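structure32.cif (mmCIF, C-alpha atoms)
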```
data_start
loop_
_atom_site.label_atom_id
_atom_site.label_comp_id
_atom_site.auth_asym_id
_atom_site.auth_seq_id
_atom_site.Cartn_x
_atom_site.Cartn_y
_atom_site.Cartn_z
CA MET O 81 16.18 -5.04 23.80
CA LEU O 82 14.24 -3.80 26.80
CA ASP O 83 10.44 -3.84 26.72
CA ILE O 84 9.23 -0.31 25.93
CA ARG O 85 6.19 -0.91 28.13
CA VAL O 86 8.42 -1.52 31.14
CA ILE O 87 10.32 1.68 30.39
CA ARG O 88 7.06 3.65 30.09
CA GLU O 89 5.60 2.25 33.30
CA ASN O 90 8.69 2.46 35.50
CA PRO O 91 11.46 4.54 33.92
CA GLU O 92 13.21 5.29 37.22
CA TYR O 93 13.51 1.58 38.03
CA VAL O 94 14.98 0.90 34.58
CA LYS O 95 17.48 3.74 34.96
CA GLU O 96 18.47 2.54 38.41
CA ARG O 97 19.12 -1.04 37.22
CA VAL O 98 21.04 0.00 34.10
CA ARG O 99 23.06 2.56 36.07
CA LEU O 100 24.40 -0.26 38.27
CA ARG O 101 26.30 -1.53 35.23
CA GLY O 102 28.42 1.61 35.17
CA GLY O 103 28.75 3.95 32.22
CA ASP O 104 26.07 6.32 30.98
CA HIS O 105 23.69 3.99 29.10
CA TRP O 106 21.00 4.80 31.65
CA MET O 107 20.84 8.34 30.25
CA LEU O 108 19.39 6.95 27.02
CA VAL O 109 16.16 5.97 28.83
CA ASP O 110 14.79 9.55 28.83
CA LYS O 111 15.66 9.92 25.14
CA VAL O 112 13.76 6.69 24.41
CA LEU O 113 10.72 8.11 26.20
CA GLU O 114 10.97 11.39 24.24
CA CYS O 115 10.95 9.43 20.99
CA ASP O 116 8.10 7.30 22.26
CA VAL O 117 5.95 10.34 23.06
CA LYS O 118 6.74 11.93 19.68
CA ARG O 119 5.91 8.70 17.84
CA ARG O 120 2.70 8.03 19.73
CA ASN O 121 1.46 11.62 19.39
CA ALA O 122 2.10 11.53 15.65
CA GLU O 123 0.33 8.19 15.28
CA THR O 124 -2.64 9.38 17.38
CA GLU O 125 -3.06 12.52 15.26
CA LYS O 126 -2.62 10.46 12.08
CA GLN O 127 -5.34 8.02 13.15
CA ALA O 128 -7.74 10.88 13.89
CA LEU O 129 -7.05 12.52 10.53
CA SER O 130 -7.38 9.21 8.69
CA SER O 131 -10.73 8.66 10.34
CA GLU O 132 -11.80 12.18 9.34
CA ARG O 133 -10.66 11.56 5.76
CA ASN O 134 -12.62 8.30 5.54
CA SER O 135 -15.84 9.87 6.80
CA SER O 136 -15.34 12.97 4.62
CA SER O 137 -14.90 10.79 1.53
CA LYS O 138 -18.39 9.41 2.04
CA LEU O 139 -19.75 12.89 2.72
CA ILE O 140 -18.22 14.27 -0.48
CA GLY O 141 -19.99 11.58 -2.49
CA GLN O 142 -23.28 12.42 -0.82
CA MET O 143 -22.79 16.17 -1.48
CA MET O 144 -22.13 15.52 -5.16
CA LYS O 145 -25.33 13.49 -5.42
CA GLU O 146 -27.26 16.32 -3.80
CA GLY O 147 -25.75 18.89 -6.13
CA ARG O 148 -23.77 20.65 -3.40
CA ARG O 149 -20.69 20.93 -5.60
CA GLU O 150 -19.22 24.05 -3.99
CA GLU O 151 -19.31 22.49 -0.53
CA ALA O 152 -17.89 19.25 -1.91
CA GLU O 153 -14.97 21.07 -3.57
CA GLU O 154 -14.20 22.92 -0.32
CA LEU O 155 -14.19 19.62 1.57
CA LYS O 156 -11.97 18.04 -1.12
CA LYS O 157 -9.51 20.89 -0.69
CA ARG O 158 -9.56 20.36 3.07
CA MET O 159 -8.96 16.62 2.60
CA GLY O 160 -6.00 17.39 0.34
CA GLU O 161 -4.47 19.34 3.22
CA VAL O 162 -5.31 16.47 5.57
CA GLY O 163 -3.56 14.03 3.22
CA GLU O 164 -0.42 16.17 3.22
CA ARG O 165 -0.52 16.34 7.01
CA ILE O 166 -0.88 12.56 7.21
CA LYS O 167 2.26 12.19 5.07
CA GLU O 168 4.13 14.57 7.41
CA LEU O 169 2.97 12.61 10.45
CA ASP O 170 4.00 9.34 8.79
CA ALA O 171 7.50 10.73 8.37
CA VAL O 172 7.62 12.02 11.95
CA ALA O 173 6.39 8.68 13.37
CA SER O 174 8.81 6.65 11.23
CA ALA O 175 11.79 8.83 12.19
CA ALA O 176 10.87 8.69 15.88
CA ALA O 177 10.39 4.90 15.74
CA GLU O 178 13.74 4.45 13.98
CA GLU O 179 15.55 6.64 16.52
CA GLN O 180 13.78 4.88 19.39
CA GLU O 181 14.87 1.44 18.13
CA SER O 182 18.45 2.65 17.67
CA LEU O 183 18.50 3.92 21.25
CA LEU O 184 16.98 0.69 22.60
CA LEU O 185 19.62 -1.37 20.78
CA ASN O 186 22.29 0.60 22.64
CA ILE O 187 20.82 0.11 26.12
CA PRO O 188 22.08 -3.07 27.85
CA ASN O 189 19.83 -5.50 29.66
CA MET O 190 18.89 -4.83 33.28
CA PRO O 191 20.83 -6.92 35.80
CA HIS O 192 18.72 -9.38 37.79
CA ASP O 193 17.36 -7.88 41.00
CA ALA O 194 19.41 -10.29 43.12
CA ALA O 195 22.68 -9.77 41.18
CA PRO O 196 25.63 -8.79 43.38
CA VAL O 197 26.31 -5.07 43.07
CA GLY O 198 29.83 -4.05 42.10
CA GLU O 199 31.92 -2.10 39.61
CA ASP O 200 34.16 -4.83 38.20
CA GLU O 201 35.33 -8.45 38.49
CA SER O 202 36.79 -7.81 41.95
CA ALA O 203 33.20 -7.80 43.26
CA ASN O 204 32.29 -11.20 41.76
CA PRO O 205 31.50 -13.62 44.61
CA GLU O 206 32.72 -17.23 44.54
CA LEU O 207 29.69 -19.51 44.83
CA ARG O 208 31.25 -22.97 44.97
CA VAL O 209 34.39 -24.96 44.34
CA TRP O 210 34.66 -28.51 42.98
CA GLY O 211 37.63 -30.75 43.67
CA SER O 212 41.01 -29.53 44.87
CA LYS O 213 44.13 -28.15 43.25
CA PRO O 214 46.44 -30.97 42.13
CA GLU O 215 49.73 -31.11 44.00
CA ILE O 216 52.45 -30.47 41.43
CA ALA O 217 55.87 -29.53 42.75
CA GLU O 218 57.04 -27.46 39.78
CA PRO O 219 54.15 -27.14 37.34
CA LYS O 220 54.96 -26.49 33.69
CA ASP O 221 52.66 -24.36 31.59
CA HIS O 222 50.76 -25.74 28.61
CA VAL O 223 53.21 -24.34 26.07
CA GLN O 224 56.09 -26.26 27.64
CA ILE O 225 53.98 -29.42 27.94
CA ALA O 226 52.57 -29.20 24.40
CA THR O 227 56.03 -28.55 22.94
CA ALA O 228 57.55 -31.51 24.76
CA CYS O 229 54.69 -33.75 23.58
CA GLY O 230 54.62 -32.38 20.03
CA LEU O 231 50.96 -31.31 20.25
CA LEU O 232 50.98 -27.70 19.07
CA ASN O 233 53.01 -25.47 16.80
CA PHE O 234 52.62 -21.73 17.24
CA GLU O 235 55.39 -20.83 14.80
CA ASP O 236 53.56 -22.59 11.94
CA ALA O 237 50.35 -20.75 12.84
CA THR O 238 52.13 -17.38 12.89
CA ARG O 239 53.73 -18.07 9.52
CA ILE O 240 50.43 -18.84 7.78
CA SER O 241 47.97 -16.62 9.70
CA GLY O 242 49.83 -14.31 12.09
CA SER O 243 49.89 -14.19 15.89
CA GLY O 244 46.92 -15.40 17.91
CA PHE O 245 46.37 -18.66 16.01
CA ILE O 246 47.18 -22.35 16.67
CA VAL O 247 48.26 -25.32 14.58
CA TYR O 248 47.50 -28.70 16.21
CA ARG O 249 49.64 -31.67 15.16
CA GLY O 250 49.35 -35.41 15.55
CA LEU O 251 47.99 -36.40 18.95
CA GLY O 252 47.39 -32.70 19.65
CA ALA O 253 44.90 -32.49 16.79
CA ARG O 254 43.31 -35.76 17.84
CA LEU O 255 42.96 -34.47 21.41
CA GLU O 256 41.08 -31.39 20.15
CA ARG O 257 38.74 -33.58 18.08
CA ALA O 258 38.28 -36.01 20.98
CA LEU O 259 37.28 -33.19 23.30
CA ILE O 260 34.72 -31.83 20.81
CA ASN O 261 33.11 -35.26 20.40
CA PHE O 262 33.16 -35.87 24.15
CA LEU O 263 31.45 -32.52 24.80
CA LEU O 264 28.75 -33.06 22.17
CA ASP O 265 28.04 -36.63 23.23
CA THR O 266 27.70 -35.63 26.88
CA GLN O 267 25.25 -32.81 26.15
CA THR O 268 23.13 -34.77 23.65
CA GLN O 269 23.11 -38.20 25.27
CA GLU O 270 22.98 -37.19 28.93
CA ASN O 271 21.59 -33.66 29.17
CA GLY O 272 18.88 -33.62 26.51
CA TYR O 273 20.21 -31.13 23.96
CA GLN O 274 19.59 -31.54 20.25
CA GLU O 275 22.78 -31.27 18.22
CA VAL O 276 22.62 -28.82 15.32
CA GLY O 277 25.15 -28.05 12.63
CA VAL O 278 25.07 -24.40 11.64
CA PRO O 279 26.86 -22.10 9.16
CA PHE O 280 29.97 -20.35 10.42
CA ILE O 281 28.96 -17.11 8.65
CA VAL O 282 25.88 -15.14 9.69
CA LYS O 283 23.94 -12.11 8.45
CA ARG O 284 24.29 -8.76 10.15
CA GLU O 285 20.77 -8.93 11.62
CA CYS O 286 21.70 -12.12 13.47
CA MET O 287 24.49 -10.26 15.26
CA TYR O 288 21.96 -7.62 16.30
CA GLY O 289 19.60 -10.37 17.44
CA THR O 290 21.92 -11.77 20.09
CA GLY O 291 23.45 -8.42 21.06
CA GLN O 292 26.95 -8.52 19.55
CA LEU O 293 26.01 -5.46 17.49
CA PRO O 294 26.15 -2.56 17.62
CA LYS O 295 28.50 -2.45 20.64
CA PHE O 296 31.15 -5.03 19.69
CA GLU O 297 31.43 -4.56 15.92
CA GLU O 298 35.14 -3.73 16.04
CA ASP O 299 35.90 -7.08 17.72
CA MET O 300 34.20 -9.07 14.95
CA TYR O 301 35.49 -10.39 11.62
CA GLY O 302 33.18 -8.76 9.08
CA LEU O 303 32.69 -9.78 5.43
CA GLU O 304 31.00 -8.12 2.44
CA GLY O 305 31.24 -4.65 3.98
CA ASN O 306 30.17 -6.02 7.37
CA SER O 307 26.87 -7.29 5.99
CA MET O 308 28.06 -10.77 7.01
CA PHE O 309 30.26 -11.95 9.89
CA LEU O 310 32.33 -14.96 10.87
CA VAL O 311 30.64 -16.30 14.00
CA PRO O 312 32.18 -15.04 17.27
CA THR O 313 30.35 -17.85 19.08
CA ALA O 314 27.80 -20.54 18.19
CA GLU O 315 25.34 -18.57 20.32
CA VAL O 316 24.70 -16.34 17.31
CA PRO O 317 23.65 -18.86 14.62
CA VAL O 318 22.01 -21.31 17.04
CA THR O 319 19.84 -18.77 18.91
CA ASN O 320 18.92 -17.07 15.63
CA LEU O 321 17.53 -20.35 14.29
CA CYS O 322 14.36 -19.18 16.05
CA ARG O 323 14.40 -15.55 14.90
CA ASP O 324 11.11 -14.21 13.47
CA GLN O 325 9.37 -17.38 14.67
CA ILE O 326 6.20 -18.00 16.66
CA LEU O 327 6.65 -21.15 18.74
CA LYS O 328 4.04 -23.12 20.64
CA GLU O 329 4.29 -23.40 24.40
CA SER O 330 4.44 -27.17 23.96
CA ASP O 331 7.69 -26.66 21.98
CA LEU O 332 9.41 -25.24 25.05
CA PRO O 333 12.01 -25.61 26.28
CA VAL O 334 14.04 -25.70 23.09
CA LYS O 335 17.51 -27.05 23.92
CA MET O 336 20.25 -27.07 21.28
CA THR O 337 23.99 -27.63 21.22
CA ALA O 338 26.49 -27.02 18.45
CA TYR O 339 30.18 -27.08 17.74
CA THR O 340 31.66 -24.16 15.81
CA PRO O 341 34.99 -22.48 15.47
CA CYS O 342 34.77 -18.95 16.89
CA PHE O 343 36.44 -15.86 15.41
CA ARG O 344 37.31 -12.69 17.34
CA ARG O 345 39.66 -9.87 16.43
CA GLU O 346 40.47 -8.87 20.01
CA ALA O 347 43.03 -11.29 21.41
CA GLY O 348 44.09 -9.50 24.58
CA SER O 349 47.01 -7.33 25.52
CA ALA O 350 50.62 -8.38 25.30
CA GLY O 351 52.08 -10.48 28.10
CA ARG O 352 51.36 -13.69 29.96
CA GLU O 353 47.60 -13.52 29.35
CA ASN O 354 48.29 -13.66 25.61
CA LYS O 355 50.81 -16.52 25.79
CA GLY O 356 50.10 -19.79 24.03
CA MET O 357 46.45 -20.69 23.48
CA ILE O 358 44.73 -18.88 26.34
CA ARG O 359 43.51 -15.97 24.21
CA VAL O 360 43.44 -16.42 20.45
CA HIS O 361 41.62 -15.12 17.36
CA GLN O 362 40.18 -18.51 16.35
CA PHE O 363 39.13 -21.23 18.76
CA ASP O 364 36.74 -24.17 19.01
CA LYS O 365 33.72 -24.20 21.27
CA VAL O 366 30.65 -26.29 22.02
CA GLU O 367 27.73 -24.05 22.93
CA LEU O 368 24.50 -24.74 24.83
CA VAL O 369 21.40 -22.70 23.93
CA GLU O 370 17.96 -22.81 25.51
CA ILE O 371 14.66 -21.04 24.88
CA CYS O 372 12.06 -21.37 27.63
CA ARG O 373 9.04 -19.85 29.34
CA PRO O 374 9.83 -16.68 31.34
CA GLU O 375 8.74 -18.28 34.59
CA ASP O 376 11.29 -21.06 34.10
CA GLY O 377 14.23 -18.91 33.02
CA PHE O 378 16.36 -18.62 36.14
CA ALA O 379 15.70 -22.20 37.27
CA GLU O 380 16.82 -23.35 33.81
CA LEU O 381 19.97 -21.27 34.19
CA GLU O 382 20.91 -23.36 37.22
CA LYS O 383 20.43 -26.55 35.19
CA LEU O 384 22.33 -25.28 32.18
CA THR O 385 25.24 -24.26 34.42
CA SER O 386 25.30 -27.74 35.95
CA HIS O 387 25.45 -29.19 32.43
CA ALA O 388 28.59 -27.17 31.72
CA GLU O 389 30.06 -28.10 35.11
CA CYS O 390 29.54 -31.80 34.54
CA ILE O 391 32.17 -31.71 31.78
CA LEU O 392 34.85 -30.64 34.21
CA GLN O 393 33.65 -33.13 36.80
CA LYS O 394 33.82 -35.99 34.30
CA LEU O 395 37.38 -34.96 33.43
CA GLY O 396 38.28 -34.60 37.10
CA LEU O 397 39.42 -31.00 36.71
CA HIS O 398 39.34 -28.66 39.70
CA TYR O 399 37.20 -25.53 39.11
CA ARG O 400 35.13 -22.87 40.79
CA VAL O 401 31.90 -21.01 39.94
CA ILE O 402 31.50 -17.27 40.39
CA GLU O 403 28.54 -14.96 39.79
CA LEU O 404 29.16 -11.79 37.82
CA CYS O 405 28.33 -8.52 39.56
CA THR O 406 26.28 -5.74 37.98
CA GLY O 407 29.39 -3.97 36.65
CA ASP O 408 30.84 -7.10 35.04
CA VAL O 409 27.82 -8.90 33.59
CA GLY O 410 27.65 -9.02 29.77
CA PHE O 411 25.75 -6.45 27.69
CA SER O 412 22.74 -8.66 26.91
CA SER O 413 22.70 -10.75 30.09
CA ALA O 414 20.60 -10.33 33.23
CA LYS O 415 22.41 -12.99 35.25
CA THR O 416 25.67 -14.83 34.54
CA TYR O 417 27.73 -17.55 36.17
CA ASP O 418 31.34 -17.98 35.10
CA ILE O 419 32.98 -21.38 35.49
CA GLU O 420 36.72 -21.03 36.02
CA VAL O 421 39.06 -23.99 35.76
CA TRP O 422 42.37 -24.12 37.61
CA ALA O 423 45.52 -23.87 35.47
CA PRO O 424 48.55 -24.68 37.68
CA GLY O 425 51.05 -23.65 35.01
CA GLN O 426 49.47 -20.18 35.01
CA GLY O 427 48.95 -20.16 38.77
CA LYS O 428 45.38 -18.93 38.33
CA TYR O 429 41.83 -19.80 37.30
CA LEU O 430 40.78 -19.44 33.66
CA GLU O 431 37.20 -18.82 32.52
CA VAL O 432 36.12 -21.86 30.53
CA SER O 433 32.37 -21.24 30.45
CA SER O 434 30.00 -18.33 30.87
CA CYS O 435 26.35 -19.31 31.48
CA SER O 436 23.74 -16.59 31.14
CA CYS O 437 20.02 -15.88 31.27
CA PHE O 438 19.12 -13.01 28.94
CA THR O 439 15.48 -12.77 30.04
CA ASP O 440 13.44 -11.58 27.00
CA TYR O 441 16.18 -9.19 25.82
CA GLN O 442 17.48 -11.26 22.89
CA ALA O 443 14.04 -12.61 21.96
CA ARG O 444 12.70 -9.08 21.47
CA ARG O 445 15.64 -8.19 19.24
CA MET O 446 14.99 -11.36 17.18
CA LYS O 447 11.20 -10.91 17.14
CA LEU O 448 10.83 -14.37 18.67
CA ARG O 449 7.52 -15.17 20.36
CA TYR O 450 5.40 -18.09 21.45
CA LYS O 451 1.70 -18.77 22.02
CA ASP O 452 0.83 -19.90 25.52
CA ALA O 453 -1.89 -22.44 26.35
CA THR O 454 -4.58 -19.72 26.20
CA GLY O 455 -3.44 -18.52 22.77
CA LYS O 456 -1.85 -15.34 24.16
CA MET O 457 1.33 -14.19 22.43
CA ARG O 458 4.30 -14.03 24.81
CA VAL O 459 8.05 -13.41 24.60
CA PRO O 460 10.27 -16.28 25.81
CA TYR O 461 13.56 -16.14 27.70
CA THR O 462 16.81 -17.20 26.08
CA LEU O 463 19.86 -18.73 27.78
CA ASN O 464 23.24 -19.96 26.68
CA GLY O 465 26.50 -21.22 28.04
CA SER O 466 29.80 -22.59 26.81
CA GLY O 467 29.81 -26.30 27.18
CA THR O 468 32.77 -25.59 27.00
CA ALA O 469 35.39 -23.39 25.26
CA LEU O 470 38.16 -25.66 24.04
CA PRO O 471 41.43 -23.72 24.32
CA ARG O 472 41.24 -23.16 28.06
CA LEU O 473 39.84 -26.62 28.68
CA TYR O 474 42.80 -27.95 26.67
CA VAL O 475 45.17 -25.79 28.77
CA ALA O 476 43.70 -26.96 32.08
CA LEU O 477 43.74 -30.61 31.03
CA LEU O 478 47.43 -30.48 30.07
CA GLU O 479 48.43 -28.52 33.14
CA GLN O 480 46.34 -30.37 35.76
CA CYS O 481 47.12 -33.81 34.34
CA GLN O 482 50.86 -33.31 33.74
CA GLN O 483 53.14 -36.02 35.12
CA PRO O 484 56.70 -35.76 36.56
CA ASP O 485 58.18 -37.39 33.44
CA GLY O 486 56.63 -34.73 31.17
CA SER O 487 53.79 -36.90 29.88
CA VAL O 488 50.08 -36.16 30.37
CA ARG O 489 47.59 -38.51 32.00
CA VAL O 490 44.38 -38.72 29.97
CA PRO O 491 41.20 -38.58 32.12
CA ALA O 492 39.31 -41.89 32.03
CA ALA O 493 36.20 -40.31 30.46
CA LEU O 494 38.28 -39.14 27.49
CA VAL O 495 40.22 -42.37 26.86
CA PRO O 496 37.54 -43.93 24.58
CA TYR O 497 37.63 -40.81 22.41
CA LEU O 498 41.40 -40.38 22.26
CA GLY O 499 42.31 -44.06 22.17
CA THR O 500 45.09 -43.81 24.76
CA ASP O 501 45.41 -43.12 28.47
CA THR O 502 48.71 -41.27 28.17
CA ILE O 503 50.11 -38.49 26.01
CA PRO O 504 53.86 -39.14 25.95
CA THR O 505 56.69 -36.73 25.31
CA THR O 506 58.15 -36.93 21.84
CA GLY O 507 61.31 -38.42 23.35
CA ALA O 508 59.39 -41.21 25.05
#
```
Translate the structure of the given file into structure tokens.
Amino acid sequence: MLDIRVIRENPEYVKERVRLRGGDHWMLVDKVLECDVKRRNAETEKQALSSERNSSSKLIGQMMKEGRREEAEELKKRMGEVGERIKELDAVASAAAEEQESLLLNIPNMPHDAAPVGEDESANPELRVWGSKPEIAEPKDHVQIATACGLLNFEDATRISGSGFIVYRGLGARLERALINFLLDTQTQENGYQEVGVPFIVKRECMYGTGQLPKFEEDMYGLEGNSMFLVPTAEVPVTNLCRDQILKESDLPVKMTAYTPCFRREAGSAGRENKGMIRVHQFDKVELVEICRPEDGFAELEKLTSHAECILQKLGLHYRVIELCTGDVGFSSAKTYDIEVWAPGQGKYLEVSSCSCFTDYQARRMKLRYKDATGKMRVPYTLNGSGTALPRLYVALLEQCQQPDGSVRVPAALVPYLGTDTIPTTGA
């Protein structure tokens, strides 16, 4: 959540930055300040009355010793009224604090000052392109390729789970496993991330910590009356490993990577975008998470993005990087780069990784802090990025590496993991 001190000191700046996202979240800023004033006034009066009660308690004892019983009883009566007022103020302060926190949880992060301004994805600038589009005379899409090679079975998935799911078979299942191992090995052995294995079910407070709740609750798979959730991304359990913690500055940066399946109810609208494995309810992903000093945050975002990009470079897949504008950046993010890989069978780029710096927004929600070298308590920055999401990487690999005879050429970097340099058609 946003720092209340920043809102107090410069509310117009906060409103201006949040307003650039679109929508009316910026209007909550004044309501936050109203709650803040109410809470602080109640606490100030409570402190004054508590101080008066403490001093009066001593005075009552002295009066009783001196035989001034009538005065002592009057003061006791007054202190009884003070006690009742303190209880009232407690209730007012607690209610104001609760409302203030609820409002803060519903205000998105402020976009970075240098973020491109725009209303939607049409305003996202392309920053760079790697490689070139493969020349394929009549490109097939991944469904045609996977069917011909016997890799996937969507009918089986629909029969056992419904639409929006995938069953991998034979070499198709091995390819998915090979990609996961390749991704984890690259990030741990070359880019310095510690691999962690985390539960695939998290508590409700963890979803609040990383910003999925309250806004996106309807898109999540909830359990136990929504007190628990299937993870929508490894970002949630991995980042929350540090919730309610006080780290040392020497611990930073913390760099972790994890594989998890991801579960999301929303699987897109009907049509081409929902065909095959491009948008599904359950998919595999390897996530990169970093916690660092605030002064290092945006420089670390550049590094983390390069770590996601290196996967596509190793596989020789053509891609581009775009920066999200103020109207398209995610709820909790201040700055985001999307990596989009070319899918010739779709005739378009597909987002395969989203790399974000959340500033101190998530850390505040998780009550995560660290002590700097002077012993001062500070709030770190958090970052994450897909390193990468498997379905669309799988799609791009099949479609960019398809051969005229219907087979698929396996990128050299993946051959040791898959054990073959070619995925043949089932008739081969």
Identify the residues around (36.0, -33.0, 32.0) within a radius of 9 Å, measuring from all atoms listed in the file in the coordinates stated by the file, and give them as a PyMOL selection string.
-> chain O and resi 259+262-263+389-397+473+477+491+493-494
Could you spell out the hits of the PyMOL selection byres ((chain O and resi 325) around 9) on the shown file, as a PyMOL selection string?
-> chain O and resi 321-324+326-327+446-450
Expected file contents, prior selection, C-alpha atoms, as a compact mmCIF listing (two decimals), in the frame of the given file:
```
# COMPACT_ATOMS: atom_id res chain seq x y z
CA LEU O 321 17.53 -20.35 14.29
CA CYS O 322 14.36 -19.18 16.05
CA ARG O 323 14.40 -15.55 14.90
CA ASP O 324 11.11 -14.21 13.47
CA ILE O 326 6.20 -18.00 16.66
CA LEU O 327 6.65 -21.15 18.74
CA MET O 446 14.99 -11.36 17.18
CA LYS O 447 11.20 -10.91 17.14
CA LEU O 448 10.83 -14.37 18.67
CA ARG O 449 7.52 -15.17 20.36
CA TYR O 450 5.40 -18.09 21.45
```
Between CA of Leu463 in chain O and CA of Leu430 in chain O, distance in Å (one decimal) |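 A separation of 21.7 Å between them.
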Check which residues satisfy the PyMOL selection byres ((chain O and resi 213) around 12) in the file shown, then give them as a ChimeraX atom specification.
-> /O:209-212,214-217,219,396-400,421-425,427-429,476,479-481
Go through O:Arg344, O:Arg373, O:Arg458, O:Lys335 and flag the residue nearest Phe309 in chain O, using all atoms listed in the file for the distances.
->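 With all atoms listed in the file as the atom set, the closest residue is O:Arg344.
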Fill-in result for range 128-147 of chain O, N, CA and C atoms as a compact mmCIF listing (two decimals), in the coordinates of the input:
```
# COMPACT_ATOMS: atom_id res chain seq x y z
N ALA O 128 -6.57 9.99 13.85
CA ALA O 128 -7.74 10.88 13.89
C ALA O 128 -7.98 11.49 12.51
N LEU O 129 -6.90 11.92 11.86
CA LEU O 129 -7.05 12.52 10.53
C LEU O 129 -7.48 11.48 9.49
N SER O 130 -6.97 10.27 9.62
CA SER O 130 -7.38 9.21 8.69
C SER O 130 -8.85 8.89 8.85
N SER O 131 -9.31 8.90 10.08
CA SER O 131 -10.73 8.66 10.34
C SER O 131 -11.58 9.78 9.74
N GLU O 132 -11.08 11.02 9.92
CA GLU O 132 -11.80 12.18 9.34
C GLU O 132 -11.83 12.08 7.82
N ARG O 133 -10.72 11.68 7.21
CA ARG O 133 -10.66 11.56 5.76
C ARG O 133 -11.62 10.50 5.24
N ASN O 134 -11.71 9.38 5.96
CA ASN O 134 -12.62 8.30 5.54
C ASN O 134 -14.07 8.74 5.58
N SER O 135 -14.45 9.42 6.68
CA SER O 135 -15.84 9.87 6.80
C SER O 135 -16.14 10.99 5.81
N SER O 136 -15.15 11.85 5.57
CA SER O 136 -15.34 12.97 4.62
C SER O 136 -15.47 12.46 3.20
N SER O 137 -14.80 11.36 2.87
CA SER O 137 -14.90 10.79 1.53
C SER O 137 -16.33 10.38 1.23
N LYS O 138 -16.98 9.80 2.21
CA LYS O 138 -18.39 9.41 2.04
C LYS O 138 -19.27 10.66 1.91
N LEU O 139 -18.94 11.67 2.73
CA LEU O 139 -19.75 12.89 2.72
C LEU O 139 -19.63 13.63 1.40
N ILE O 140 -18.42 13.61 0.81
CA ILE O 140 -18.22 14.27 -0.48
C ILE O 140 -19.09 13.61 -1.54
N GLY O 141 -19.15 12.30 -1.53
CA GLY O 141 -19.99 11.58 -2.49
C GLY O 141 -21.46 11.95 -2.33
N GLN O 142 -21.88 12.06 -1.09
CA GLN O 142 -23.28 12.42 -0.82
C GLN O 142 -23.56 13.84 -1.30
N MET O 143 -22.63 14.78 -1.05
CA MET O 143 -22.79 16.17 -1.48
C MET O 143 -22.92 16.28 -3.00
N MET O 144 -22.08 15.48 -3.68
CA MET O 144 -22.13 15.52 -5.16
C MET O 144 -23.46 15.02 -5.66
N LYS O 145 -24.02 14.00 -5.01
CA LYS O 145 -25.33 13.49 -5.42
C LYS O 145 -26.42 14.53 -5.20
N GLU O 146 -26.26 15.31 -4.16
CA GLU O 146 -27.26 16.32 -3.80
C GLU O 146 -27.04 17.63 -4.52
N GLY O 147 -26.01 17.68 -5.36
CA GLY O 147 -25.75 18.89 -6.13
C GLY O 147 -25.03 19.98 -5.35
```
